[in-house]
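Data from protein02.pdb: PDB, C-alpha atoms, pLDDT in the B column
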```
MODEL        1
ATOM      1  CA  MET F   1       2.109 -40.110  30.230  1.00 54.00           C
ATOM      2  CA  LYS F   2       0.647 -37.013  28.756  1.00 66.00           C
ATOM      3  CA  SER F   3      -2.803 -36.027  29.835  1.00 75.00           C
ATOM      4  CA  LYS F   4      -5.369 -35.313  27.149  1.00 81.00           C
ATOM      5  CA  ARG F   5      -6.308 -31.755  26.378  1.00 82.00           C
ATOM      6  CA  GLN F   6      -9.563 -30.616  27.854  1.00 83.00           C
ATOM      7  CA  LYS F   7     -12.214 -29.361  25.491  1.00 89.00           C
ATOM      8  CA  HIS F   8     -14.643 -26.861  26.945  1.00 88.00           C
ATOM      9  CA  SER F   9     -17.918 -25.699  25.462  1.00 91.00           C
ATOM     10  CA  SER F  10     -18.346 -22.117  24.362  1.00 90.00           C
ATOM     11  CA  ALA F  11     -21.000 -21.638  27.069  1.00 91.00           C
ATOM     12  CA  PHE F  12     -18.507 -22.719  29.730  1.00 92.00           C
ATOM     13  CA  LYS F  13     -15.834 -20.400  28.342  1.00 92.00           C
ATOM     14  CA  ALA F  14     -18.268 -17.482  28.322  1.00 91.00           C
ATOM     15  CA  LYS F  15     -19.315 -18.217  31.897  1.00 92.00           C
ATOM     16  CA  VAL F  16     -15.715 -18.238  33.102  1.00 93.00           C
ATOM     17  CA  ALA F  17     -14.855 -15.099  31.091  1.00 93.00           C
ATOM     18  CA  ILE F  18     -17.823 -13.223  32.551  1.00 93.00           C
ATOM     19  CA  GLU F  19     -16.837 -14.233  36.062  1.00 93.00           C
ATOM     20  CA  ALA F  20     -13.303 -13.024  35.353  1.00 93.00           C
ATOM     21  CA  LEU F  21     -14.690  -9.706  34.087  1.00 93.00           C
ATOM     22  CA  GLN F  22     -16.759  -9.266  37.236  1.00 93.00           C
ATOM     23  CA  GLU F  23     -13.529  -9.502  39.281  1.00 89.00           C
ATOM     24  CA  ARG F  24     -15.308 -10.837  42.369  1.00 92.00           C
ATOM     25  CA  GLU F  25     -12.633 -13.513  42.584  1.00 91.00           C
ATOM     26  CA  SER F  26      -8.996 -13.432  41.533  1.00 91.00           C
ATOM     27  CA  LEU F  27      -7.721 -15.410  38.580  1.00 91.00           C
ATOM     28  CA  SER F  28      -6.068 -17.895  40.889  1.00 93.00           C
ATOM     29  CA  GLU F  29      -9.347 -18.449  42.752  1.00 93.00           C
ATOM     30  CA  LEU F  30     -11.211 -18.955  39.487  1.00 92.00           C
ATOM     31  CA  SER F  31      -8.434 -21.256  38.342  1.00 93.00           C
ATOM     32  CA  GLN F  32      -8.862 -23.458  41.391  1.00 94.00           C
ATOM     33  CA  LYS F  33     -12.657 -23.310  41.183  1.00 93.00           C
ATOM     34  CA  TYR F  34     -12.819 -24.497  37.558  1.00 92.00           C
ATOM     35  CA  GLY F  35      -9.548 -26.424  37.288  1.00 92.00           C
ATOM     36  CA  ILE F  36      -8.198 -24.225  34.502  1.00 92.00           C
ATOM     37  CA  HIS F  37      -4.848 -22.462  34.243  1.00 93.00           C
ATOM     38  CA  PRO F  38      -5.039 -18.693  34.934  1.00 94.00           C
ATOM     39  CA  ASN F  39      -3.463 -17.933  31.538  1.00 95.00           C
ATOM     40  CA  MET F  40      -6.326 -19.745  29.818  1.00 93.00           C
ATOM     41  CA  ILE F  41      -8.874 -17.688  31.758  1.00 94.00           C
ATOM     42  CA  SER F  42      -7.050 -14.509  30.745  1.00 94.00           C
ATOM     43  CA  ARG F  43      -7.054 -15.611  27.115  1.00 95.00           C
ATOM     44  CA  TRP F  44     -10.810 -16.360  27.181  1.00 94.00           C
ATOM     45  CA  LYS F  45     -11.461 -13.001  28.858  1.00 94.00           C
ATOM     46  CA  LYS F  46      -9.443 -11.146  26.179  1.00 94.00           C
ATOM     47  CA  GLU F  47     -11.176 -13.021  23.353  1.00 94.00           C
ATOM     48  CA  PHE F  48     -14.576 -12.272  24.912  1.00 93.00           C
ATOM     49  CA  LEU F  49     -13.772  -8.562  25.049  1.00 92.00           C
ATOM     50  CA  ASP F  50     -12.341  -8.528  21.503  1.00 93.00           C
ATOM     51  CA  ARG F  51     -15.415 -10.181  19.987  1.00 90.00           C
ATOM     52  CA  ALA F  52     -18.053  -8.331  22.021  1.00 88.00           C
ATOM     53  CA  PRO F  53     -18.646  -5.619  19.357  1.00 86.00           C
ATOM     54  CA  GLU F  54     -19.748  -8.330  16.901  1.00 83.00           C
ATOM     55  CA  LEU F  55     -22.807  -8.922  19.063  1.00 79.00           C
ATOM     56  CA  PHE F  56     -24.128  -5.459  18.315  1.00 79.00           C
ATOM     57  CA  ASP F  57     -23.586  -5.413  14.550  1.00 74.00           C
ATOM     58  CA  LYS F  58     -26.756  -4.612  12.654  1.00 68.00           C
ATOM     59  CA  PRO F  59     -28.186  -7.620  10.821  1.00 66.00           C
ATOM     60  CA  GLY F  60     -29.615  -5.371   8.062  1.00 61.00           C
ATOM     61  CA  HIS F  61     -26.187  -5.244   6.477  1.00 62.00           C
ATOM     62  CA  ASP F  62     -26.566  -8.818   5.206  1.00 66.00           C
ATOM     63  CA  LYS F  63     -29.948  -8.031   3.638  1.00 70.00           C
ATOM     64  CA  LYS F  64     -28.380  -5.254   1.569  1.00 74.00           C
ATOM     65  CA  GLU F  65     -25.707  -7.615   0.269  1.00 78.00           C
ATOM     66  CA  ASP F  66     -28.373 -10.191  -0.621  1.00 79.00           C
ATOM     67  CA  ALA F  67     -30.347  -7.567  -2.553  1.00 83.00           C
ATOM     68  CA  ASP F  68     -27.200  -6.546  -4.441  1.00 87.00           C
ATOM     69  CA  LEU F  69     -26.506 -10.170  -5.347  1.00 89.00           C
ATOM     70  CA  GLU F  70     -30.060 -10.617  -6.614  1.00 91.00           C
ATOM     71  CA  LYS F  71     -29.661  -7.564  -8.873  1.00 93.00           C
ATOM     72  CA  LEU F  72     -26.379  -8.889 -10.221  1.00 94.00           C
ATOM     73  CA  TYR F  73     -27.829 -12.342 -10.950  1.00 94.00           C
ATOM     74  CA  ALA F  74     -30.807 -10.739 -12.706  1.00 94.00           C
ATOM     75  CA  LYS F  75     -28.442  -8.651 -14.846  1.00 95.00           C
ATOM     76  CA  ILE F  76     -26.364 -11.725 -15.735  1.00 95.00           C
ATOM     77  CA  GLY F  77     -29.505 -13.571 -16.801  1.00 94.00           C
ATOM     78  CA  GLN F  78     -30.638 -10.653 -18.941  1.00 95.00           C
ATOM     79  CA  LEU F  79     -27.248 -10.355 -20.646  1.00 95.00           C
ATOM     80  CA  GLU F  80     -27.138 -14.097 -21.371  1.00 96.00           C
ATOM     81  CA  MET F  81     -30.580 -13.944 -22.979  1.00 96.00           C
ATOM     82  CA  GLU F  82     -29.548 -10.966 -25.123  1.00 95.00           C
ATOM     83  CA  ARG F  83     -26.367 -12.743 -26.197  1.00 95.00           C
ATOM     84  CA  GLU F  84     -28.290 -15.868 -27.221  1.00 94.00           C
ATOM     85  CA  PHE F  85     -30.804 -13.751 -29.144  1.00 94.00           C
ATOM     86  CA  LEU F  86     -28.057 -11.931 -31.041  1.00 93.00           C
ATOM     87  CA  LYS F  87     -26.164 -15.156 -31.686  1.00 92.00           C
ATOM     88  CA  LYS F  88     -29.276 -16.810 -33.144  1.00 92.00           C
ATOM     89  CA  ASN F  89     -30.131 -13.844 -35.347  1.00 91.00           C
ATOM     90  CA  LEU F  90     -26.570 -13.486 -36.630  1.00 91.00           C
ATOM     91  CA  LYS F  91     -26.699 -17.113 -37.776  1.00 89.00           C
ATOM     92  CA  LYS F  92     -29.940 -16.402 -39.655  1.00 88.00           C
ATOM     93  CA  LEU F  93     -28.282 -13.474 -41.407  1.00 87.00           C
ATOM     94  CA  GLY F  94     -25.269 -15.602 -42.252  1.00 82.00           C
ATOM     95  CA  LEU F  95     -22.751 -13.509 -40.346  1.00 75.00           C
TER      96      LEU F  95
ENDMDL
END
```
Written form, structure tokens:
Amino acid sequence: MKSKRQKHSSAFKAKVAIEALQERESLSELSQKYGIHPNMISRWKKEFLDRAPELFDKPGHDKKEDADLEKLYAKIGQLEMEREFLKKNLKKLGL
């Protein structure tokens, strides 16, 4: 019979990846300690290193995008009001 796949929490993966980065124990020792294949530990370690720069991104970037969206929505509202005004007045003039 096949065994079911193990599902590990992100906190557990981070803990194992950090221990692998510290290199106090070899991958085989960590593998035995946590019951995980060494390739999986290597994969978690690589993913941890690849995504580490995201932790230091400035959150102000999102605020700028939100402000830009607000300006665009305000402009859309203004243009819709102008269009309705012109449409109504053209009907009054019979055009």
Inset, instruction - Please indicate the distance in Å from atom CA of F:Ile41 to atom CA of F:Phe56, rounded to one decimal place. - result: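 Taking atom CA of F:Ile41 and atom CA of F:Phe56, their separation equals 23.7 Å.
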With all atoms of stretch 69-79 of chain F from the file as input, state the centre and edge lengths in Å to one decimal of the axis-aligned box that has 6 Å extra on each side, as lines of an AutoDock Vina configuration file.
```
center_x = -28.6
center_y = -10.6
center_z = -13.0
size_x = 16.4
size_y = 18.0
size_z = 27.3
```
Legend entry - Who sits within 12 Å of stretch 34-40 of chain F, all atoms listed in the file, same chain under 2 positions skipped, as a list in words: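 Residues near the query, excluding close chain neighbours: Arg5, Gln6, Lys7, His8, Phe12, Lys13, Lys15, Val16, Ala17, Glu19, Ala20, Glu25, Ser26, Leu27, Ser28, Glu29, Leu30, Ser31, Gln32, Ser42, Arg43, Trp44, Lys45, Lys46 and Glu47 of chain F.
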Legend entry - Interatomic distance, atom CA of F:Ala14 to atom CA of F:Asp50 (Å, one decimal): 12.7 Å
Inset, instruction - Would you mind reading off the distance between atom CA of F:Glu65 and atom CA of F:Arg83, one decimal, in Å? - result: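 One can read the atom CA of F:Glu65 to atom CA of F:Arg83 distance as 27.0 Å.
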Legend entry - For F:Leu49, the nearest of the candidates F:Ala74, F:Leu21, F:Asp68, F:Leu93, counting all atoms listed in the file: F:Leu21
Inset, instruction - Find the residue from F:Leu72, F:Ile18, F:Leu95, F:Leu90 that sits nearest to F:Ala52; use all atoms listed in the file when measuring. - result: F:Ile18
